[in-house]
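Worksheet: the structure to be examined is printed underneath.
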Amino acid sequence: MSSSVEELLILLQLERLEDNLFRGESRDIGTRYVFGGQVLGQALSAAQQTVDADRAAHSLHAYFLRAGDIEKPIVYNVERTRDGGSFSVRRVTAIQHGQPIFNFSASFQVAESGVEHQVSMPEVPKADDLEPPQPLSPEELAKLPPKLQRWFGRSGPFEFRHVYPRDELNPAKRPPQQQVWFRLTRRIADDAVLHRALLAYASDFHLIGTAMLPHGISFLQRNVQVASLDHALWFHRPFRVDEWLLYACDSPTAQGGRGLARGLFYSEDGRLVASTAQEGLIRLRPETA
């Protein structure tokens, strides 16, 4: 197993301090603050540990309140809000330096059968028909701040293949939609709880970026400030994150320093397995010399 995959799996294995209290380590992946997907995945892991094993997460809703400190662990306090006949609800507060940095609610359900329908997967090339992305050259990496050099210079736990790649160093304006195939770089255990936590982690990629596409701006530009404000995720059908998933994103609106983006996750055989939505902060600051 690659070291980056192993690091991510360890990151999602929380230390249980009390019945409803957990602690998770933070990890520097090249972002200035704790990556939002890390907190989403850890909060879901904490909540799941307080729910009966026959109840699987079907939805989560979260607010990012403060930037997370990558140098410090995060404590997750789980509130057992309700356990009904079919559903359980948990609320989680993530705490650092004595202050809440993140609020999270998740709902869990026993398996049931019922009516089914879904929208079709976009007609795009298969992942294996796309070229893997090329790493930045040493000259291009040298132009970036040290943190972003780590982001682009490391081998991450996920492999991404964009249907329509974009040069983030020289972004062109284009419609606010994109499709990205992704998968974990190594095969892992057949554990549905773990795969849901990993999808929660990965769901924080690409959403805010989709809202920036029509404006020809990128998170790499020094005058662009971006941050996740809230996040929602719904799980529909079984999936594996170590097999190709298509992340089909679009952004219906941006205004007031905020952009809204939505995403649908499809398995390679066309099943809609999850949906997500996020509003993010997008600020353009004056250029400085």
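We name chains A, B, ... following the order of the structure tokens; residues begin at 1 in each chain, and ligands are numbered from 1 as shown.
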Problem set entry | Polymer residues at most 12 Å from A:Asp167, only C-alpha atoms, same-chain spacing of 2 or more positions, as a list in words | Pro133, Gln134, Pro135, Leu136, Glu140, His162, Tyr164, Pro165, Leu169, Asn170, Pro171, Ala172, Lys173, Arg174, Leu213, Gly216, Ile217, Ser218, Phe219 and Leu220 of chain A
Exercise. Can you list every residue in stretch 101-208 of chain A that DSSP puts in strand (DSSP E or B), as a list in words?
Worked result: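 Here is the list: Ile101, Phe102, Asn103, Phe104, Ser105, Ala106, Ser107, Phe108, Gln109, Val110, Phe158, Glu159, Phe160, Arg161, His162, Gln177, Gln178, Gln179, Val180, Trp181, Phe182, Arg183 and Leu184 of chain A.
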Exercise. As a ChimeraX atom specification, which residues of stretch 140-200 of chain A does DSSP assign to alpha helix (DSSP H)?
Worked result: /A:140-142,146-153,192-200
Selection near A:Gly259, 6 Å with only C-alpha atoms, sequence-local residues under 6 positions removed, as a short mmCIF file (atom, residue, chain, number, x, y, z; two decimals) with N, CA and C atoms, in the first residue's frame:
data_model
loop_
_atom_site.label_atom_id
_atom_site.label_comp_id
_atom_site.auth_asym_id
_atom_site.auth_seq_id
_atom_site.Cartn_x
_atom_site.Cartn_y
_atom_site.Cartn_z
N ALA A 211 -16.84 26.63 -9.39
CA ALA A 211 -17.45 27.96 -9.36
C ALA A 211 -16.52 29.04 -9.89
N GLU A 279 -21.22 25.56 -0.65
CA GLU A 279 -21.03 26.97 -0.93
C GLU A 279 -19.65 27.34 -0.40
N GLY A 280 -18.90 28.08 -1.21
CA GLY A 280 -17.55 28.45 -0.83
C GLY A 280 -17.32 29.94 -0.94
#
Stretch 66-169 of chain A residues near stretch 19-25 of chain A within 10 Å, closest pair each, using only C-alpha atoms, as a tab-separated table:
residue	atom	partner	partner_atom	distance
A:Ile70	CA	A:Glu25	CA	8.6
A:Glu71	CA	A:Glu25	CA	8.8
A:Lys72	CA	A:Glu25	CA	7.0
A:Pro73	CA	A:Glu25	CA	4.4
A:Ile74	CA	A:Gly24	CA	5.3
A:Val75	CA	A:Arg23	CA	4.4
A:Tyr76	CA	A:Phe22	CA	5.0
A:Asn77	CA	A:Leu21	CA	4.8
A:Val78	CA	A:Asn20	CA	5.0
A:Glu79	CA	A:Asn20	CA	7.0
A:Arg80	CA	A:Asn20	CA	8.2
A:Val92	CA	A:Asn20	CA	9.4
A:Thr93	CA	A:Leu21	CA	9.9
A:Ala94	CA	A:Arg23	CA	9.2
A:Ile95	CA	A:Arg23	CA	9.5
For this session: May I have the residues within 8 Å of A:Ala274 as an MDAnalysis selection string, using only C-alpha atoms and disregarding those fewer than 3 positions away in the same chain?
Result: chainID A and resid 233:237 264:266
For A:Met121, please output as a PDB file with N, CA and C atoms, in the first residue's frame all residues within 8 Å (counting only C-alpha atoms; exclusion window: fewer than 4 positions along the same chain).
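See selection.pdb below for the written result:
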ATOM      1  N   TYR A 266     -20.726   9.023  -9.812  1.00  0.00           N
ATOM      2  CA  TYR A 266     -21.198   7.839 -10.529  1.00  0.00           C
ATOM      3  C   TYR A 266     -20.137   6.749 -10.504  1.00  0.00           C
ATOM      4  N   GLY A 270     -22.253   3.428 -14.309  1.00  0.00           N
ATOM      5  CA  GLY A 270     -23.329   4.398 -14.469  1.00  0.00           C
ATOM      6  C   GLY A 270     -24.286   4.536 -13.307  1.00  0.00           C
ATOM      7  N   ARG A 271     -24.037   3.888 -12.179  1.00  0.00           N
ATOM      8  CA  ARG A 271     -24.913   4.041 -11.015  1.00  0.00           C
ATOM      9  C   ARG A 271     -24.601   5.348 -10.290  1.00  0.00           C
ATOM     10  N   LEU A 272     -25.640   6.110  -9.963  1.00  0.00           N
ATOM     11  CA  LEU A 272     -25.470   7.320  -9.162  1.00  0.00           C
ATOM     12  C   LEU A 272     -25.329   6.893  -7.703  1.00  0.00           C
TER      13      LEU A 272
END
Exercise. Skipping near chain neighbours, those fewer than 5 positions away, what residues fall within 7 Å of A:Leu246 using only C-alpha atoms, listed as a PyMOL selection string?
Worked result: chain A and resi 179-182+265-267
Would you mind exporting the chosen residues as a PDB file, in the first residue's frame, restricted to all heavy atoms?
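Output file out-v2.pdb is given in full below:
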ATOM      1  N   GLN A 179     -15.982  17.426 -15.235  1.00  0.00           N
ATOM      2  CA  GLN A 179     -16.119  16.011 -14.882  1.00  0.00           C
ATOM      3  C   GLN A 179     -14.722  15.460 -14.612  1.00  0.00           C
ATOM      4  O   GLN A 179     -13.806  15.655 -15.416  1.00  0.00           O
ATOM      5  CB  GLN A 179     -16.790  15.206 -16.001  1.00  0.00           C
ATOM      6  CG  GLN A 179     -18.195  15.659 -16.348  1.00  0.00           C
ATOM      7  CD  GLN A 179     -18.214  16.807 -17.346  1.00  0.00           C
ATOM      8  OE1 GLN A 179     -17.322  16.912 -18.189  1.00  0.00           O
ATOM      9  NE2 GLN A 179     -19.213  17.660 -17.238  1.00  0.00           N
ATOM     10  N   VAL A 180     -14.590  14.781 -13.484  1.00  0.00           N
ATOM     11  CA  VAL A 180     -13.299  14.260 -13.053  1.00  0.00           C
ATOM     12  C   VAL A 180     -13.452  12.815 -12.590  1.00  0.00           C
ATOM     13  O   VAL A 180     -14.273  12.526 -11.710  1.00  0.00           O
ATOM     14  CB  VAL A 180     -12.709  15.098 -11.890  1.00  0.00           C
ATOM     15  CG1 VAL A 180     -11.320  14.603 -11.527  1.00  0.00           C
ATOM     16  CG2 VAL A 180     -12.698  16.578 -12.226  1.00  0.00           C
ATOM     17  N   TRP A 181     -12.706  11.913 -13.203  1.00  0.00           N
ATOM     18  CA  TRP A 181     -12.627  10.551 -12.701  1.00  0.00           C
ATOM     19  C   TRP A 181     -11.593  10.499 -11.568  1.00  0.00           C
ATOM     20  O   TRP A 181     -10.555  11.146 -11.650  1.00  0.00           O
ATOM     21  CB  TRP A 181     -12.181   9.593 -13.800  1.00  0.00           C
ATOM     22  CG  TRP A 181     -13.198   9.315 -14.869  1.00  0.00           C
ATOM     23  CD1 TRP A 181     -13.247   9.870 -16.120  1.00  0.00           C
ATOM     24  CD2 TRP A 181     -14.296   8.394 -14.796  1.00  0.00           C
ATOM     25  NE1 TRP A 181     -14.305   9.362 -16.825  1.00  0.00           N
ATOM     26  CE2 TRP A 181     -14.979   8.450 -16.037  1.00  0.00           C
ATOM     27  CE3 TRP A 181     -14.769   7.535 -13.805  1.00  0.00           C
ATOM     28  CZ2 TRP A 181     -16.099   7.678 -16.314  1.00  0.00           C
ATOM     29  CZ3 TRP A 181     -15.901   6.766 -14.071  1.00  0.00           C
ATOM     30  CH2 TRP A 181     -16.552   6.839 -15.310  1.00  0.00           C
ATOM     31  N   PHE A 182     -11.884   9.724 -10.530  1.00  0.00           N
ATOM     32  CA  PHE A 182     -10.902   9.581  -9.456  1.00  0.00           C
ATOM     33  C   PHE A 182     -11.057   8.222  -8.791  1.00  0.00           C
ATOM     34  O   PHE A 182     -12.122   7.582  -8.852  1.00  0.00           O
ATOM     35  CB  PHE A 182     -11.030  10.700  -8.420  1.00  0.00           C
ATOM     36  CG  PHE A 182     -12.229  10.580  -7.509  1.00  0.00           C
ATOM     37  CD1 PHE A 182     -12.106  10.003  -6.246  1.00  0.00           C
ATOM     38  CD2 PHE A 182     -13.472  11.031  -7.908  1.00  0.00           C
ATOM     39  CE1 PHE A 182     -13.201   9.887  -5.401  1.00  0.00           C
ATOM     40  CE2 PHE A 182     -14.577  10.918  -7.076  1.00  0.00           C
ATOM     41  CZ  PHE A 182     -14.442  10.354  -5.819  1.00  0.00           C
ATOM     42  N   PHE A 265     -21.757  11.774  -8.009  1.00  0.00           N
ATOM     43  CA  PHE A 265     -20.753  10.719  -8.094  1.00  0.00           C
ATOM     44  C   PHE A 265     -21.371   9.493  -8.754  1.00  0.00           C
ATOM     45  O   PHE A 265     -22.393   8.978  -8.278  1.00  0.00           O
ATOM     46  CB  PHE A 265     -20.261  10.325  -6.700  1.00  0.00           C
ATOM     47  CG  PHE A 265     -19.536  11.418  -5.952  1.00  0.00           C
ATOM     48  CD1 PHE A 265     -20.224  12.254  -5.092  1.00  0.00           C
ATOM     49  CD2 PHE A 265     -18.174  11.591  -6.105  1.00  0.00           C
ATOM     50  CE1 PHE A 265     -19.572  13.253  -4.383  1.00  0.00           C
ATOM     51  CE2 PHE A 265     -17.498  12.586  -5.403  1.00  0.00           C
ATOM     52  CZ  PHE A 265     -18.203  13.420  -4.548  1.00  0.00           C
ATOM     53  N   TYR A 266     -20.726   9.023  -9.812  1.00  0.00           N
ATOM     54  CA  TYR A 266     -21.198   7.839 -10.529  1.00  0.00           C
ATOM     55  C   TYR A 266     -20.137   6.749 -10.504  1.00  0.00           C
ATOM     56  O   TYR A 266     -18.934   7.033 -10.651  1.00  0.00           O
ATOM     57  CB  TYR A 266     -21.485   8.172 -11.997  1.00  0.00           C
ATOM     58  CG  TYR A 266     -22.672   9.080 -12.229  1.00  0.00           C
ATOM     59  CD1 TYR A 266     -22.516  10.461 -12.279  1.00  0.00           C
ATOM     60  CD2 TYR A 266     -23.942   8.558 -12.424  1.00  0.00           C
ATOM     61  CE1 TYR A 266     -23.594  11.296 -12.512  1.00  0.00           C
ATOM     62  CE2 TYR A 266     -25.038   9.385 -12.664  1.00  0.00           C
ATOM     63  CZ  TYR A 266     -24.855  10.752 -12.696  1.00  0.00           C
ATOM     64  OH  TYR A 266     -25.922  11.577 -12.930  1.00  0.00           O
ATOM     65  N   SER A 267     -20.577   5.500 -10.360  1.00  0.00           N
ATOM     66  CA  SER A 267     -19.672   4.375 -10.556  1.00  0.00           C
ATOM     67  C   SER A 267     -19.418   4.210 -12.052  1.00  0.00           C
ATOM     68  O   SER A 267     -20.135   4.777 -12.889  1.00  0.00           O
ATOM     69  CB  SER A 267     -20.279   3.097  -9.979  1.00  0.00           C
ATOM     70  OG  SER A 267     -21.501   2.787 -10.638  1.00  0.00           O
TER      71      SER A 267
END
For this session: Give me the residues within 10 Å of A:Ala277 as a list of chain:residue names, counting only C-alpha atoms and dropping any in the same chain fewer than 6 places off.
Result: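 The filter keeps A:His61, A:Ser203, A:Asp204, A:Leu207, A:Asp230, A:His231, A:Ala232, A:Leu233, A:Trp234, A:Cys249, A:Asp250, A:Ser251, A:Leu260, A:Ala261, A:Arg262, A:Gly263, A:Leu264.
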Next, the residues of the selection above should be written as a JSON list (two decimals), in the first residue's frame with N, CA and C atoms.
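Everything below was put into again11.json:
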[["chain", "number", "residue", "atom", "x", "y", "z"],
["A", 61, "HIS", "N", -24.61, 17.10, 6.80],
["A", 61, "HIS", "CA", -24.66, 18.54, 6.56],
["A", 61, "HIS", "C", -23.69, 19.21, 7.53],
["A", 203, "SER", "N", -14.86, 14.41, -1.38],
["A", 203, "SER", "CA", -15.91, 15.28, -1.91],
["A", 203, "SER", "C", -15.58, 16.76, -1.78],
["A", 204, "ASP", "N", -14.57, 17.10, -0.99],
["A", 204, "ASP", "CA", -14.20, 18.52, -0.83],
["A", 204, "ASP", "C", -13.26, 18.99, -1.95],
["A", 207, "LEU", "N", -15.04, 21.31, -5.92],
["A", 207, "LEU", "CA", -16.31, 22.03, -5.91],
["A", 207, "LEU", "C", -16.12, 23.54, -6.07],
["A", 230, "ASP", "N", -19.80, 25.70, 3.76],
["A", 230, "ASP", "CA", -20.66, 24.62, 4.23],
["A", 230, "ASP", "C", -20.55, 23.46, 3.25],
["A", 231, "HIS", "N", -21.15, 22.32, 3.62],
["A", 231, "HIS", "CA", -21.00, 21.13, 2.79],
["A", 231, "HIS", "C", -22.13, 20.17, 3.11],
["A", 232, "ALA", "N", -22.71, 19.58, 2.08],
["A", 232, "ALA", "CA", -23.73, 18.55, 2.25],
["A", 232, "ALA", "C", -23.37, 17.37, 1.37],
["A", 233, "LEU", "N", -23.70, 16.17, 1.84],
["A", 233, "LEU", "CA", -23.37, 14.96, 1.10],
["A", 233, "LEU", "C", -24.44, 13.92, 1.38],
["A", 234, "TRP", "N", -24.92, 13.27, 0.29],
["A", 234, "TRP", "CA", -25.93, 12.23, 0.40],
["A", 234, "TRP", "C", -25.38, 10.94, -0.23],
["A", 249, "CYS", "N", -19.42, 17.85, -11.72],
["A", 249, "CYS", "CA", -19.67, 19.06, -10.93],
["A", 249, "CYS", "C", -20.24, 20.17, -11.81],
["A", 250, "ASP", "N", -21.07, 21.01, -11.21],
["A", 250, "ASP", "CA", -21.51, 22.23, -11.88],
["A", 250, "ASP", "C", -21.73, 23.31, -10.84],
["A", 251, "SER", "N", -21.74, 24.57, -11.28],
["A", 251, "SER", "CA", -21.96, 25.70, -10.37],
["A", 251, "SER", "C", -23.06, 26.58, -10.96],
["A", 260, "LEU", "N", -21.72, 28.72, -5.36],
["A", 260, "LEU", "CA", -22.41, 27.47, -5.06],
["A", 260, "LEU", "C", -22.02, 26.43, -6.10],
["A", 261, "ALA", "N", -21.67, 25.24, -5.65],
["A", 261, "ALA", "CA", -21.31, 24.16, -6.56],
["A", 261, "ALA", "C", -22.00, 22.87, -6.11],
["A", 262, "ARG", "N", -22.30, 22.02, -7.12],
["A", 262, "ARG", "CA", -22.97, 20.75, -6.85],
["A", 262, "ARG", "C", -22.18, 19.63, -7.52],
["A", 263, "GLY", "N", -22.31, 18.44, -7.01],
["A", 263, "GLY", "CA", -21.59, 17.32, -7.61],
["A", 263, "GLY", "C", -22.38, 16.03, -7.52],
["A", 264, "LEU", "N", -22.25, 15.19, -8.57],
["A", 264, "LEU", "CA", -22.84, 13.86, -8.60],
["A", 264, "LEU", "C", -21.72, 12.85, -8.78]]
For this session: Find, counting only C-alpha atoms, the residue in A:Gln177, A:Thr253, A:Leu44, A:Trp244 that gets nearest to A:Ala197.
Result: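 Comparing A:Gln177, A:Thr253, A:Leu44, A:Trp244 against A:Ala197, the winner is A:Leu44.
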For this session: Kindly indicate which residue among A:Val34, A:Val39, A:Arg186, A:Lys126 lies nearest to A:Ser3, using only C-alpha atoms for the distances.
Result: A:Arg186
Exercise. Please, what distance in Å, to one decimal, runs between atom CA of A:Glu116 and atom CA of A:His58?
Worked result: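 That distance, rounded to one decimal, is 15.1 Å.
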